[in-house]
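Data first, discussion second: the structure below is written as structure tokens.
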Amino acid sequence: MWAALAVTFFVLYQMRKKLGTLGQIFDSRVGLVGLFIVLFWIYAAIFADLIALFEPLEQSGLYRRKPPGTINANVGIPYIFGTDTLGRDLFSRMIYGSQIVLLIAPAATLVAYIVGITLGLPAGYIGGFYDTALSFLANLVLAFPVILLFYLLVAPGIRETILPNIMAGIFFIIPILFALMVVFSRFSQRLSVLVPSSIVILIIGAWLYSGLVFNADPLGLVAIDPNELNIFAAVVFTTSPGVFRIVRGLTLDIRTRDYVAAAVTRGENPLFIMIWEILPNARGPLIVDSCLRIGYVTILLGTLGFFGLGMEPESPDWGSMINQTRSYIRLVPTIVLPPTIALASFVLGLNLLADGLREQSLKD
Amino acid sequence: MLLFLFKRIIILFLTLICLSFTVFSLVTIEPNLKKLALNQANMRMEEDEVQSWLEKNGYKRPLLVQYGEWLGNAVTGDFGYSTHFRKPVNEVIWPKLGHTGILMFWVFLLTIPIALTIGILAGMREGTKTDRTLSIFAIFTTSVPPYVSGILYTIIFSSWLGIFKGVAKAGNITFENFALPVLTIVAYDIGYIARMTRASMVEVMGSQYIRTARLKGMPFMSVVLKHALRNALIAPFTVIMLQFPWLLTGVVIVEKLFNYKGFGFLLVSAADQNDIDVTLACGVVAVVLVLTTQLISDIGYIFLNPRIRFT
């Protein structure tokens with residue numbers, strides 16, 4: 001894994017001139033540290049099978065709550081960080097937990113971003129009643145105490161109703177619509193490009209959609225546990241209003257620029273202007289904000305796990321680990337450290353990365 | 001100005017109604033009601049016994065009727081009866097709010113001076129080592145979420161050094177009890193406020209009038225104290241006001257961690273136990289607080305910055 005990390009850094013270093021903003025990170029020491037940490041966790045997640053010494057769910061009756069460094073006599077491998085109260089290796093659980101966290105947090109942030117952008121661009125550009133209504137809705141969700149919202153949305157009772165599926169249905173339709181809009185607005189004159197790409201989008205979209213929302217994927221590849229779907233939808237729901245606000249503010253600002261006026265004079269329709277003029281120019285602050293937001297979503301997932309609202313208790317995601325191990329701090333103080341430090345370092349890495357990116361984009 | 005205020009208050013009420021209705025409908029859906037019935041009466045009831053219990057206690061009436069009844073009571077100040085604590089809600093909710101209030105008072109008392117100082121110092125000398133170290137310190141503290149840092153502090157101070165206590169009791173506020181929860185929240189908060197202050201300070205220090213003042217020959221500290229601070233503190237002011245609602249909900253985590261029986265703890269346990277009236281009341285109070293502080297911060301912003309006028 002360390003080899004992969006070194007190779008990535010070497011390659012990126014060589015390509016930095018061509019990579020634009022991403023390449024400029026190398027000029028900022030802070031961003032570099034952040035990138036290192038984030039990539040560290042990404043590779044830990046990818047190579048989890050190679051690094052982890054034990055199975056994350058494998059329990060051992062004998063070795064419970066052992067301090068770090070105890071050696072499992074059967075297999076001869078040491079428990080690097082010790083074991084938890086059910087005899088599971090903390091190190092392996094931490095590594096496998098990164099897989100879960102790295103899968104859900106960025107994905108949820110991405111979907112929330114698309115939802116926020118789709119709603120925020122028109123609100124800022126077209127304004128009027130649409131703007132007032134959506135802003136009111138966004139403020140509504142933002143004013144709500146987050147914890148209460150999650151208790152209501154992720155409680156075990158809700159899973160029996162169709163509510164999560166409805167929410168997920170709405171949230172997952174929006175990316176498909178967005179992709180379609182992007183293609184349509186650009187290529188509406190060139191049918192030779194428009195038709196195939198639309199069809200591809202629709203096919204992939206329908207496949208993912210049926211798999212994720214209804215668990216009815218014909219190919220059997222894409223499936224998600226209903227509980228996780230619930231959490232996913234709830235996280236997207238709570239993060240979108242914040243994104244909406246930012247996008248709306250940026251749109252209101254960029255709308256006054258000259259190139260937008262030029263596009264209007266050219267006769268472009270509003271859809272085109274929103275997606276191809278305003279959005280690319282808003283990408284600076286948005287990228288920075290997205291890094292920070294992935295961090296917040298990670299913390300949010302951890303908080304859910306902390307309250308017992310997260311995934312099922314077996315799963316090694318960091319929040320649940322923290323919640324389960326914190327009762328044993330008196331006995332073995334180090335028992336709670338691996339997931340804690342993992343979570344903190346990942347969020348820290350994201351924050352540093354965001355800061356580095358922001359610094360570089362300002363120097364442009 | 002009055003029209004603006006009036007509009008905001010109308011929005012406040014609209015929001016309250018929408019939110020309470022949503023919460024109400026979510027809390028009274030079928031599985032939750034079943035859980036409530038089982039909790040309250042007898043854990044092993046049959047299905048029809050559950051239904052008849054619900055019927056008897058009025059949970060089977062149409063949603064709007066139930067909601068209307070709650071709304072009517074709430075407007076007159078009667079928030080109903082808590083099924084979990086077996087007391088009227090008013091007796092339960094206001095003391096707990098007071099406990100959280102004490103916690104937040106101390107937090108604010110510590111956070112604001114420290115964060116502002118850090119932000120101003122960092123912004124004053126942008127790009128220097130002071131700025132770098134302070135910024136990195138601020139980033140560190142915002143990256144570590146409260147439940148993580150709370151646990152870390154508990155380990156460091158309670159287990160190893162044995163100074164502070166890991167659990168805080170509500171009625172009994174001593175320095176020992178309180179130090180860790182306050183420390184946790186303060187640590188998380190100063191990072192964010194310090195960064196905002198720093199950004200605002202940097203922007204002000206780069207403006208024309210500051211440059212003129214320095215070229216005029218004014219001492220640096222004078223420039224900062226007399227000119228820069230007043231303009232730089234506008235943005236942090238709004239940020240601090242907006243921290244208020246965050247604290248209210250974020251403090252939930254800390255309260256759960258340290259077992260401090262305040263408002264956040266109440267909210268969580270009410271939602272957990274499916275205690276309808278308490279949950280609704282907590283939600284209402286939280287929303288009112290959030291919107292009120294937003295309103296105060298907006299009005300304050302208008303006063304502090306004469307160039308902003310809402311139409």
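Ordering of the structure tokens sets the chain letters (A, B, ...); residue numbers start at 1 within each chain; ligands are numbered from 1 in the order shown.
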Which residues are close to Gln294 (chain B), i.e. within 12 Å by only C-alpha atoms, leaving aside same-chain residues fewer than 5 positions away? Reply as a PDB file with C-alpha atoms, in the first residue's frame.
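Done, and the output landed in part_22.pdb:
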ATOM      1  CA  ASN A 139     -34.528  27.414   5.596  1.00  0.00           C
ATOM      2  CA  LEU A 142     -31.924  24.051   8.050  1.00  0.00           C
ATOM      3  CA  ALA A 143     -33.808  25.390  11.065  1.00  0.00           C
TER       4      ALA A 143
ATOM      5  CA  LEU B   5     -39.710  42.506  11.192  1.00  0.00           C
ATOM      6  CA  ARG B   8     -39.938  37.675   9.428  1.00  0.00           C
ATOM      7  CA  ILE B   9     -42.301  36.949  12.279  1.00  0.00           C
ATOM      8  CA  LEU B  12     -41.389  32.238  11.794  1.00  0.00           C
ATOM      9  CA  PHE B 237     -20.786  38.754  15.165  1.00  0.00           C
ATOM     10  CA  THR B 238     -23.218  37.084  12.783  1.00  0.00           C
ATOM     11  CA  VAL B 239     -21.248  33.881  12.936  1.00  0.00           C
ATOM     12  CA  ILE B 240     -21.375  33.859  16.711  1.00  0.00           C
ATOM     13  CA  MET B 241     -25.106  34.454  16.715  1.00  0.00           C
ATOM     14  CA  LEU B 242     -25.494  31.613  14.307  1.00  0.00           C
ATOM     15  CA  GLN B 243     -23.479  29.359  16.579  1.00  0.00           C
ATOM     16  CA  PHE B 244     -26.289  29.574  19.057  1.00  0.00           C
ATOM     17  CA  PRO B 245     -28.626  27.108  17.360  1.00  0.00           C
ATOM     18  CA  TRP B 246     -25.716  24.876  16.458  1.00  0.00           C
ATOM     19  CA  VAL B 287     -36.978  26.128  15.978  1.00  0.00           C
ATOM     20  CA  VAL B 288     -38.044  29.287  17.767  1.00  0.00           C
ATOM     21  CA  LEU B 289     -34.547  29.718  19.135  1.00  0.00           C
ATOM     22  CA  ILE B 299     -30.992  42.975  12.435  1.00  0.00           C
ATOM     23  CA  GLY B 300     -27.660  43.367  14.163  1.00  0.00           C
ATOM     24  CA  TYR B 301     -25.950  43.117  10.811  1.00  0.00           C
TER      25      TYR B 301
END
>> Give me the residues near region 169-177 of chain A as a PyMOL selection string, where near means some atom within 8 Å (using only C-alpha atoms) and where sequence neighbours in that chain fewer than 5 positions away do not count.
In response: chain A and resi 111+114-115+118+201-202+205+209+213+233+236
> Pick the closest to chain A from B:Val290, B:Val182, B:Ile102, B:Ile10: which is it, counting only C-alpha atoms?
Replying inline: B:Val290
> Which of these residues is nearest to chain A, using only C-alpha atoms: B:Met218, B:Ala179, B:Val148, B:Val107?
Replying inline: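 Checking each candidate against chain A, we get B:Val148 as the closest.
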> If you measure from CA of Leu35 (chain A) to CA of Gly356 (chain A), what distance in Å do you get, rounded to one decimal?
Replying inline: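 One can read the CA of Leu35 (chain A) to CA of Gly356 (chain A) distance as 9.0 Å.
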Find the residues of chain A in contact range of chain B, meaning any atom within 6 Å when counting only C-alpha atoms, and list them as a PDB file with N, CA and C atoms, in the first residue's frame.
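And here is the file that came out, result05.pdb:
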ATOM      1  N   ALA A 143     -33.465  24.963   9.706  1.00  0.00           N
ATOM      2  CA  ALA A 143     -33.808  25.390  11.065  1.00  0.00           C
ATOM      3  C   ALA A 143     -34.090  24.194  11.961  1.00  0.00           C
ATOM      4  N   PRO A 145     -33.703  20.988  14.118  1.00  0.00           N
ATOM      5  CA  PRO A 145     -32.586  20.363  14.830  1.00  0.00           C
ATOM      6  C   PRO A 145     -32.219  19.055  14.156  1.00  0.00           C
ATOM      7  N   GLY A 157     -38.608   2.175  13.135  1.00  0.00           N
ATOM      8  CA  GLY A 157     -40.002   2.032  12.727  1.00  0.00           C
ATOM      9  C   GLY A 157     -40.256   2.507  11.311  1.00  0.00           C
ATOM     10  N   THR A 340     -11.343   6.591  16.723  1.00  0.00           N
ATOM     11  CA  THR A 340     -11.307   8.017  17.024  1.00  0.00           C
ATOM     12  C   THR A 340     -10.254   8.719  16.189  1.00  0.00           C
ATOM     13  N   ALA A 344     -10.748  11.387  13.127  1.00  0.00           N
ATOM     14  CA  ALA A 344     -10.185  12.721  13.269  1.00  0.00           C
ATOM     15  C   ALA A 344      -9.175  12.993  12.169  1.00  0.00           C
ATOM     16  N   VAL A 347     -10.938  13.561   8.677  1.00  0.00           N
ATOM     17  CA  VAL A 347     -11.568  14.875   8.575  1.00  0.00           C
ATOM     18  C   VAL A 347     -10.509  15.969   8.526  1.00  0.00           C
ATOM     19  N   LEU A 348      -9.464  15.780   9.326  1.00  0.00           N
ATOM     20  CA  LEU A 348      -8.380  16.754   9.309  1.00  0.00           C
ATOM     21  C   LEU A 348      -7.753  16.840   7.929  1.00  0.00           C
TER      22      LEU A 348
END
> What does the distance between CA of Leu352 (chain A) and CA of Pro280 (chain A) come to in Å, to one decimal place?
Replying inline: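 Value for the CA of Leu352 (chain A)-CA of Pro280 (chain A) distance: 23.4 Å.
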> Hey, can you check how far CA of Pro270 (chain A) sits from CA of Met181 (chain A)?
Replying inline: 11.6 Å
>> Write out as a ChimeraX atom specification the set of residues from region 153-291 of chain B that DSSP, computed on the backbone, places in helix (DSSP H, G or I).
In response: /B:153-161,175-205,208-216,220-232,234-258,263-273,276-291
>> List as a ChimeraX atom specification the protein and nucleic acid residues near Met274 (chain A), meaning an atom at most 8 Å away when only C-alpha atoms are counted, but skip any in the same chain fewer than 3 places from it.
In response: /A:121-122,125,270-271,277-279
> With only C-alpha atoms as the basis for distance, which of A:Thr109, A:Ser345, A:Ser185, A:Thr334 is at the shortest distance from Val297 (chain A)?
Replying inline: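 Looking only at the distances to Val297 (chain A), the closest residue turns out to be A:Thr109.
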